[in-house]
Amino acid sequence: MPPARRSRGSVPGVAPGRTSPVGALALRPEPSRRLPAEEHPTMSGIPLGVLDLVPVPSGSTAAEALHRTIDLARHTERFGYSRYWFAEHHLNPGVAGTSPAVLLALTASATSTIRIGSGAVQLGHRTALSTVEEFGLIDALHPGRLDLGLGRSGGRPPGQTAQPRPTTTPVVDGHTPNGLKIPPRFSFDHLRGSPRLRLQRELLQQPGATHQDYGEQVGDILALLRGDYRSADGLEAHAVPGEGADVQVWILGSSGGESADVAGRNGLPFAANYHVSPATVLEAAEGYRAAFQPSDHLDKPRVSVSADVVVAEDDETARELATGYAPWVRSIRTAEGAIPFPTPEEARAQAWTEEDRALVADRVDTQFVGSPGRVADQLEQLREATGADELLITTITHDHDDRVRSYQLLAEEWQRR
């Protein structure tokens, strides 16, 4: 691969569908009960992974949400999911996933076979060295299981616009030829003056992070992992632990811009976010493939695509479980910060305006909700339209048992196909 740019300056035994004793969780790996290889939930070789935001349901606490996350990781490992990733969010009352590295260390100790990773570490919030050292520490105790997903934070770099990029896949009346919904592009410009987001930047952002070159940050991480990092004046830096760590580096992105380009130029796998920005998933995947150069990591592009999913035994039950999704998204898009995920009754009691509905329409319209068969069909549409090599499933319901059951039903349906 081209040289990297260098720096310039459930409790064991708890059955699915049963409530685990949250306060009694012991963070020890239980014996693996992963499905045999031929029974992994794949369709045409397409594995399913998990993306967890560690949601906090209304009436619950962050501590309870964290215990339930460990329980869900154990269950999805048993169901045969290939990866378990944690997102990074801050100052959100309804989301407890603030530190992917800490969550990964806990999850690694509670599981044994599923790959675990970040989706994603936000580079504007830490340095290349701190990132490599954190993941190196985990890899030292759990070698060969870590995915280091990297994301960009702090907004778009100066001068970069959000103009759509052309794609080869036609979108007519908001749908691809195979029927996948591609909604109009959503603008986040109304959030630029948010006091909460400004405070978040003040508390988290590394000095100068908004002006750093993202490609250089990623190059520094790759160099530190390889052990050939040199500063601009020729000084070596060796991260111990970290150097030589057996981690798989991914880049996450929502459009065909800088993240897709950096992933392609470095020959790294790329995760495109349909669940965050469904309007731009096609340009993200195509932009990455267009920029791809073979490397020591990959000889051809590898794309994972995320989707918001709720599965139940029938469509009506699934729709009921997903009722809280719209007000939860609204709280994010108004810069209020993600609220604790409401019950269906709490969600129905909230007042809505036409502006509110427009604010969340693209996310609600592209959430896959229904019976196992219906949702699997929609995921196949997503896979076909984007050419995804993997799919990353994120599911939020108010009740933990319903969330576990959703992942189980989807895995069983995926396996049957």
# chains A, B, ... in the order shown; residues from 1 in each chain; ligands from 1

call {"tool": "select_by_dssp", "arguments": {"residues": "stretch 74-114 of chain A", "states": "strand (DSSP E or B)", "output": "PyMOL selection string"}}
result
chain A and resi 83-86+95

call {"tool": "residues_around", "arguments": {"residues": "A:Ala65", "least_positions_apart": "3", "cutoff": "9 Å", "atoms": "only C-alpha atoms", "output": "PyMOL selection string"}}
result
chain A and resi 22+54-57+60-62+68-70+95-96+400

call {"tool": "write_last_selection", "arguments": {"atoms": "N, CA, C and O atoms", "output": "mmCIF file, in the first residue's frame"}}
result
data_model
loop_
_atom_site.group_PDB
_atom_site.id
_atom_site.type_symbol
_atom_site.label_atom_id
_atom_site.label_comp_id
_atom_site.auth_asym_id
_atom_site.auth_seq_id
_atom_site.Cartn_x
_atom_site.Cartn_y
_atom_site.Cartn_z
ATOM 1 N N VAL A 22 -30.099 -7.552 35.745
ATOM 2 C CA VAL A 22 -29.128 -6.546 35.353
ATOM 3 C C VAL A 22 -28.048 -6.335 36.392
ATOM 4 O O VAL A 22 -26.872 -6.243 36.092
ATOM 5 N N VAL A 54 -25.927 1.935 22.605
ATOM 6 C CA VAL A 54 -26.199 1.812 24.030
ATOM 7 C C VAL A 54 -27.333 2.758 24.420
ATOM 8 O O VAL A 54 -27.163 3.684 25.222
ATOM 9 N N PRO A 55 -28.519 2.550 23.850
ATOM 10 C CA PRO A 55 -29.651 3.429 24.139
ATOM 11 C C PRO A 55 -30.146 3.257 25.565
ATOM 12 O O PRO A 55 -30.126 2.161 26.125
ATOM 13 N N VAL A 56 -30.596 4.365 26.153
ATOM 14 C CA VAL A 56 -31.162 4.359 27.500
ATOM 15 C C VAL A 56 -32.678 4.491 27.374
ATOM 16 O O VAL A 56 -33.169 5.543 26.966
ATOM 17 N N PRO A 57 -33.460 3.458 27.679
ATOM 18 C CA PRO A 57 -34.918 3.577 27.615
ATOM 19 C C PRO A 57 -35.455 4.500 28.701
ATOM 20 O O PRO A 57 -34.841 4.666 29.764
ATOM 21 N N SER A 60 -35.267 4.166 32.747
ATOM 22 C CA SER A 60 -34.101 3.342 33.030
ATOM 23 C C SER A 60 -32.902 4.246 33.310
ATOM 24 O O SER A 60 -33.004 5.468 33.306
ATOM 25 N N THR A 61 -31.751 3.641 33.537
ATOM 26 C CA THR A 61 -30.523 4.384 33.810
ATOM 27 C C THR A 61 -29.427 3.986 32.834
ATOM 28 O O THR A 61 -29.500 2.946 32.170
ATOM 29 N N ALA A 62 -28.392 4.799 32.765
ATOM 30 C CA ALA A 62 -27.254 4.477 31.911
ATOM 31 C C ALA A 62 -26.595 3.170 32.354
ATOM 32 O O ALA A 62 -26.163 2.364 31.518
ATOM 33 N N ARG A 68 -27.299 -4.176 29.879
ATOM 34 C CA ARG A 68 -28.092 -4.809 28.826
ATOM 35 C C ARG A 68 -27.322 -4.901 27.516
ATOM 36 O O ARG A 68 -27.515 -5.824 26.730
ATOM 37 N N THR A 69 -26.441 -3.954 27.278
ATOM 38 C CA THR A 69 -25.588 -4.031 26.095
ATOM 39 C C THR A 69 -24.682 -5.255 26.152
ATOM 40 O O THR A 69 -24.518 -5.969 25.159
ATOM 41 N N ILE A 70 -24.080 -5.505 27.293
ATOM 42 C CA ILE A 70 -23.238 -6.698 27.428
ATOM 43 C C ILE A 70 -24.075 -7.955 27.206
ATOM 44 O O ILE A 70 -23.658 -8.907 26.544
ATOM 45 N N VAL A 95 -28.453 8.178 25.300
ATOM 46 C CA VAL A 95 -27.433 7.322 24.687
ATOM 47 C C VAL A 95 -26.234 7.267 25.624
ATOM 48 O O VAL A 95 -25.663 8.300 25.965
ATOM 49 N N ALA A 96 -25.840 6.049 26.017
ATOM 50 C CA ALA A 96 -24.751 5.902 26.984
ATOM 51 C C ALA A 96 -23.435 5.479 26.338
ATOM 52 O O ALA A 96 -22.466 5.232 27.041
ATOM 53 N N HIS A 400 -35.835 -4.359 26.573
ATOM 54 C CA HIS A 400 -34.634 -5.102 26.204
ATOM 55 C C HIS A 400 -34.959 -6.461 25.580
ATOM 56 O O HIS A 400 -34.327 -6.862 24.594
#

call {"tool": "select_by_dssp", "arguments": {"residues": "stretch 167-281 of chain A", "states": "alpha helix (DSSP H)", "output": "mmCIF file with N, CA and C atoms, in the first residue's frame"}}
result
data_model
loop_
_atom_site.group_PDB
_atom_site.id
_atom_site.type_symbol
_atom_site.label_atom_id
_atom_site.label_comp_id
_atom_site.auth_asym_id
_atom_site.auth_seq_id
_atom_site.Cartn_x
_atom_site.Cartn_y
_atom_site.Cartn_z
ATOM 1 N N PRO A 195 -26.339 25.663 20.715
ATOM 2 C CA PRO A 195 -25.500 25.819 21.916
ATOM 3 C C PRO A 195 -24.982 24.483 22.443
ATOM 4 N N ARG A 196 -25.814 23.430 22.382
ATOM 5 C CA ARG A 196 -25.355 22.132 22.893
ATOM 6 C C ARG A 196 -24.195 21.594 22.072
ATOM 7 N N LEU A 197 -24.281 21.714 20.754
ATOM 8 C CA LEU A 197 -23.192 21.224 19.910
ATOM 9 C C LEU A 197 -21.945 22.085 20.065
ATOM 10 N N ARG A 198 -22.135 23.383 20.264
ATOM 11 C CA ARG A 198 -20.981 24.244 20.498
ATOM 12 C C ARG A 198 -20.276 23.858 21.794
ATOM 13 N N LEU A 199 -21.057 23.586 22.840
ATOM 14 C CA LEU A 199 -20.470 23.153 24.106
ATOM 15 C C LEU A 199 -19.759 21.818 23.939
ATOM 16 N N GLN A 200 -20.355 20.917 23.182
ATOM 17 C CA GLN A 200 -19.713 19.621 22.951
ATOM 18 C C GLN A 200 -18.351 19.794 22.290
ATOM 19 N N ARG A 201 -18.292 20.686 21.298
ATOM 20 C CA ARG A 201 -17.006 20.936 20.641
ATOM 21 C C ARG A 201 -15.991 21.512 21.622
ATOM 22 N N GLU A 202 -16.447 22.435 22.469
ATOM 23 C CA GLU A 202 -15.529 23.041 23.431
ATOM 24 C C GLU A 202 -14.961 22.013 24.406
ATOM 25 N N LEU A 203 -15.797 21.056 24.810
ATOM 26 C CA LEU A 203 -15.380 20.073 25.808
ATOM 27 C C LEU A 203 -14.579 18.921 25.221
ATOM 28 N N LEU A 204 -14.789 18.629 23.930
ATOM 29 C CA LEU A 204 -14.218 17.419 23.352
ATOM 30 C C LEU A 204 -13.137 17.647 22.303
ATOM 31 N N TYR A 214 -7.808 15.032 7.620
ATOM 32 C CA TYR A 214 -8.298 13.740 8.094
ATOM 33 C C TYR A 214 -7.460 12.595 7.541
ATOM 34 N N GLY A 215 -7.079 12.702 6.274
ATOM 35 C CA GLY A 215 -6.243 11.658 5.678
ATOM 36 C C GLY A 215 -4.918 11.511 6.396
ATOM 37 N N GLU A 216 -4.361 12.628 6.854
ATOM 38 C CA GLU A 216 -3.106 12.564 7.605
ATOM 39 C C GLU A 216 -3.312 11.903 8.960
ATOM 40 N N GLN A 217 -4.433 12.200 9.627
ATOM 41 C CA GLN A 217 -4.727 11.546 10.904
ATOM 42 C C GLN A 217 -4.803 10.025 10.728
ATOM 43 N N VAL A 218 -5.511 9.586 9.698
ATOM 44 C CA VAL A 218 -5.622 8.143 9.439
ATOM 45 C C VAL A 218 -4.250 7.571 9.097
ATOM 46 N N GLY A 219 -3.469 8.304 8.301
ATOM 47 C CA GLY A 219 -2.119 7.844 7.973
ATOM 48 C C GLY A 219 -1.241 7.693 9.194
ATOM 49 N N ASP A 220 -1.388 8.605 10.155
ATOM 50 C CA ASP A 220 -0.615 8.493 11.396
ATOM 51 C C ASP A 220 -0.987 7.232 12.165
ATOM 52 N N ILE A 221 -2.272 6.929 12.223
ATOM 53 C CA ILE A 221 -2.717 5.717 12.917
ATOM 54 C C ILE A 221 -2.157 4.478 12.245
ATOM 55 N N LEU A 222 -2.228 4.428 10.925
ATOM 56 C CA LEU A 222 -1.705 3.260 10.204
ATOM 57 C C LEU A 222 -0.194 3.123 10.411
ATOM 58 N N ALA A 223 0.515 4.239 10.401
ATOM 59 C CA ALA A 223 1.965 4.192 10.609
ATOM 60 C C ALA A 223 2.308 3.732 12.021
ATOM 61 N N LEU A 224 1.575 4.222 13.027
ATOM 62 C CA LEU A 224 1.822 3.786 14.400
ATOM 63 C C LEU A 224 1.531 2.303 14.568
ATOM 64 N N LEU A 225 0.491 1.800 13.914
ATOM 65 C CA LEU A 225 0.195 0.369 13.981
ATOM 66 C C LEU A 225 1.289 -0.452 13.304
ATOM 67 N N ARG A 226 1.816 0.054 12.186
ATOM 68 C CA ARG A 226 2.886 -0.675 11.473
ATOM 69 C C ARG A 226 4.212 -0.579 12.203
ATOM 70 N N GLU A 258 -14.750 13.120 1.777
ATOM 71 C CA GLU A 258 -13.398 12.862 2.251
ATOM 72 C C GLU A 258 -13.227 11.482 2.864
ATOM 73 N N SER A 259 -14.175 11.028 3.675
ATOM 74 C CA SER A 259 -14.027 9.724 4.329
ATOM 75 C C SER A 259 -13.965 8.599 3.300
ATOM 76 N N ALA A 260 -14.856 8.625 2.312
ATOM 77 C CA ALA A 260 -14.844 7.610 1.265
ATOM 78 C C ALA A 260 -13.531 7.640 0.503
ATOM 79 N N ASP A 261 -13.033 8.841 0.245
ATOM 80 C CA ASP A 261 -11.776 8.981 -0.489
ATOM 81 C C ASP A 261 -10.591 8.452 0.313
ATOM 82 N N VAL A 262 -10.546 8.790 1.608
ATOM 83 C CA VAL A 262 -9.446 8.320 2.460
ATOM 84 C C VAL A 262 -9.461 6.803 2.570
ATOM 85 N N ALA A 263 -10.641 6.214 2.739
ATOM 86 C CA ALA A 263 -10.736 4.751 2.807
ATOM 87 C C ALA A 263 -10.249 4.123 1.518
ATOM 88 N N GLY A 264 -10.672 4.663 0.373
ATOM 89 C CA GLY A 264 -10.267 4.105 -0.906
ATOM 90 C C GLY A 264 -8.780 4.229 -1.159
ATOM 91 N N ARG A 265 -8.222 5.417 -0.924
ATOM 92 C CA ARG A 265 -6.794 5.633 -1.207
ATOM 93 C C ARG A 265 -5.895 4.755 -0.351
ATOM 94 N N VAL A 281 -26.263 7.250 0.668
ATOM 95 C CA VAL A 281 -25.585 5.964 0.780
ATOM 96 C C VAL A 281 -25.015 5.498 -0.551
#

call {"tool": "closest_residue", "arguments": {"among": "A:Phe341, A:Trp352, A:Phe368, A:Trp85", "to": "A:Ala105", "atoms": "only C-alpha atoms"}}
result
A:Trp85

call {"tool": "atom_distance", "arguments": {"atom1": "atom CA of A:Leu53", "atom2": "atom CA of A:Asp71"}}
result
14.1 Å

call {"tool": "residues_around", "arguments": {"residues": "A:Val171", "least_positions_apart": "6", "cutoff": "10 Å", "atoms": "only C-alpha atoms", "output": "list in words"}}
result
Pro177, Asn178, Gly179, Leu180, Lys181, Ile182, Pro183 and Leu282 of chain A

call {"tool": "write_last_selection", "arguments": {"atoms": "N, CA, C and O atoms", "output": "mmCIF file, in the first residue's frame"}}
result
data_model
loop_
_atom_site.group_PDB
_atom_site.id
_atom_site.type_symbol
_atom_site.label_atom_id
_atom_site.label_comp_id
_atom_site.auth_asym_id
_atom_site.auth_seq_id
_atom_site.Cartn_x
_atom_site.Cartn_y
_atom_site.Cartn_z
ATOM 1 N N PRO A 177 -33.806 1.265 -8.971
ATOM 2 C CA PRO A 177 -34.533 0.315 -9.818
ATOM 3 C C PRO A 177 -35.061 -0.908 -9.089
ATOM 4 O O PRO A 177 -36.093 -1.473 -9.483
ATOM 5 N N ASN A 178 -34.393 -1.327 -8.009
ATOM 6 C CA ASN A 178 -34.877 -2.509 -7.280
ATOM 7 C C ASN A 178 -35.834 -2.146 -6.150
ATOM 8 O O ASN A 178 -36.247 -3.010 -5.380
ATOM 9 N N GLY A 179 -36.189 -0.861 -6.009
ATOM 10 C CA GLY A 179 -37.198 -0.447 -5.047
ATOM 11 C C GLY A 179 -36.687 0.126 -3.754
ATOM 12 O O GLY A 179 -37.492 0.506 -2.891
ATOM 13 N N LEU A 180 -35.362 0.228 -3.537
ATOM 14 C CA LEU A 180 -34.843 0.788 -2.290
ATOM 15 C C LEU A 180 -35.191 2.268 -2.202
ATOM 16 O O LEU A 180 -34.988 3.026 -3.143
ATOM 17 N N LYS A 181 -35.699 2.677 -1.043
ATOM 18 C CA LYS A 181 -36.062 4.071 -0.821
ATOM 19 C C LYS A 181 -34.807 4.925 -0.650
ATOM 20 O O LYS A 181 -33.955 4.648 0.201
ATOM 21 N N ILE A 182 -34.690 5.965 -1.487
ATOM 22 C CA ILE A 182 -33.632 6.966 -1.352
ATOM 23 C C ILE A 182 -34.316 8.321 -1.190
ATOM 24 O O ILE A 182 -34.759 8.926 -2.168
ATOM 25 N N PRO A 183 -34.439 8.805 0.032
ATOM 26 C CA PRO A 183 -35.184 10.047 0.276
ATOM 27 C C PRO A 183 -34.397 11.275 -0.159
ATOM 28 O O PRO A 183 -33.197 11.178 -0.459
ATOM 29 N N LEU A 282 -25.709 5.763 -1.658
ATOM 30 C CA LEU A 282 -25.203 5.326 -2.962
ATOM 31 C C LEU A 282 -23.928 6.064 -3.334
ATOM 32 O O LEU A 282 -22.957 5.455 -3.794
#

call {"tool": "residues_around", "arguments": {"residues": "stretch 297-306 of chain A", "least_positions_apart": "2", "cutoff": "8 Å", "atoms": "only C-alpha atoms", "output": "PyMOL selection string"}}
result
chain A and resi 51+264+267-275+285+288-289+292-295+308+383+386-394

call {"tool": "closest_residue", "arguments": {"among": "A:Gly253, A:Pro93, A:Pro47, A:Pro241", "to": "A:Ser153", "atoms": "only C-alpha atoms"}}
result
A:Gly253

call {"tool": "atom_distance", "arguments": {"atom1": "atom CA of A:Gly193", "atom2": "atom CA of A:His89"}}
result
18.6 Å

call {"tool": "closest_residue", "arguments": {"among": "A:Ser194, A:Leu359, A:Leu148, A:Gly256", "to": "A:Thr280", "atoms": "only C-alpha atoms"}}
result
A:Gly256

call {"tool": "closest_residue", "arguments": {"among": "A:Ala351, A:Ala284, A:Ala385, A:Leu321", "to": "A:Val369", "atoms": "only C-alpha atoms"}}
result
A:Leu321
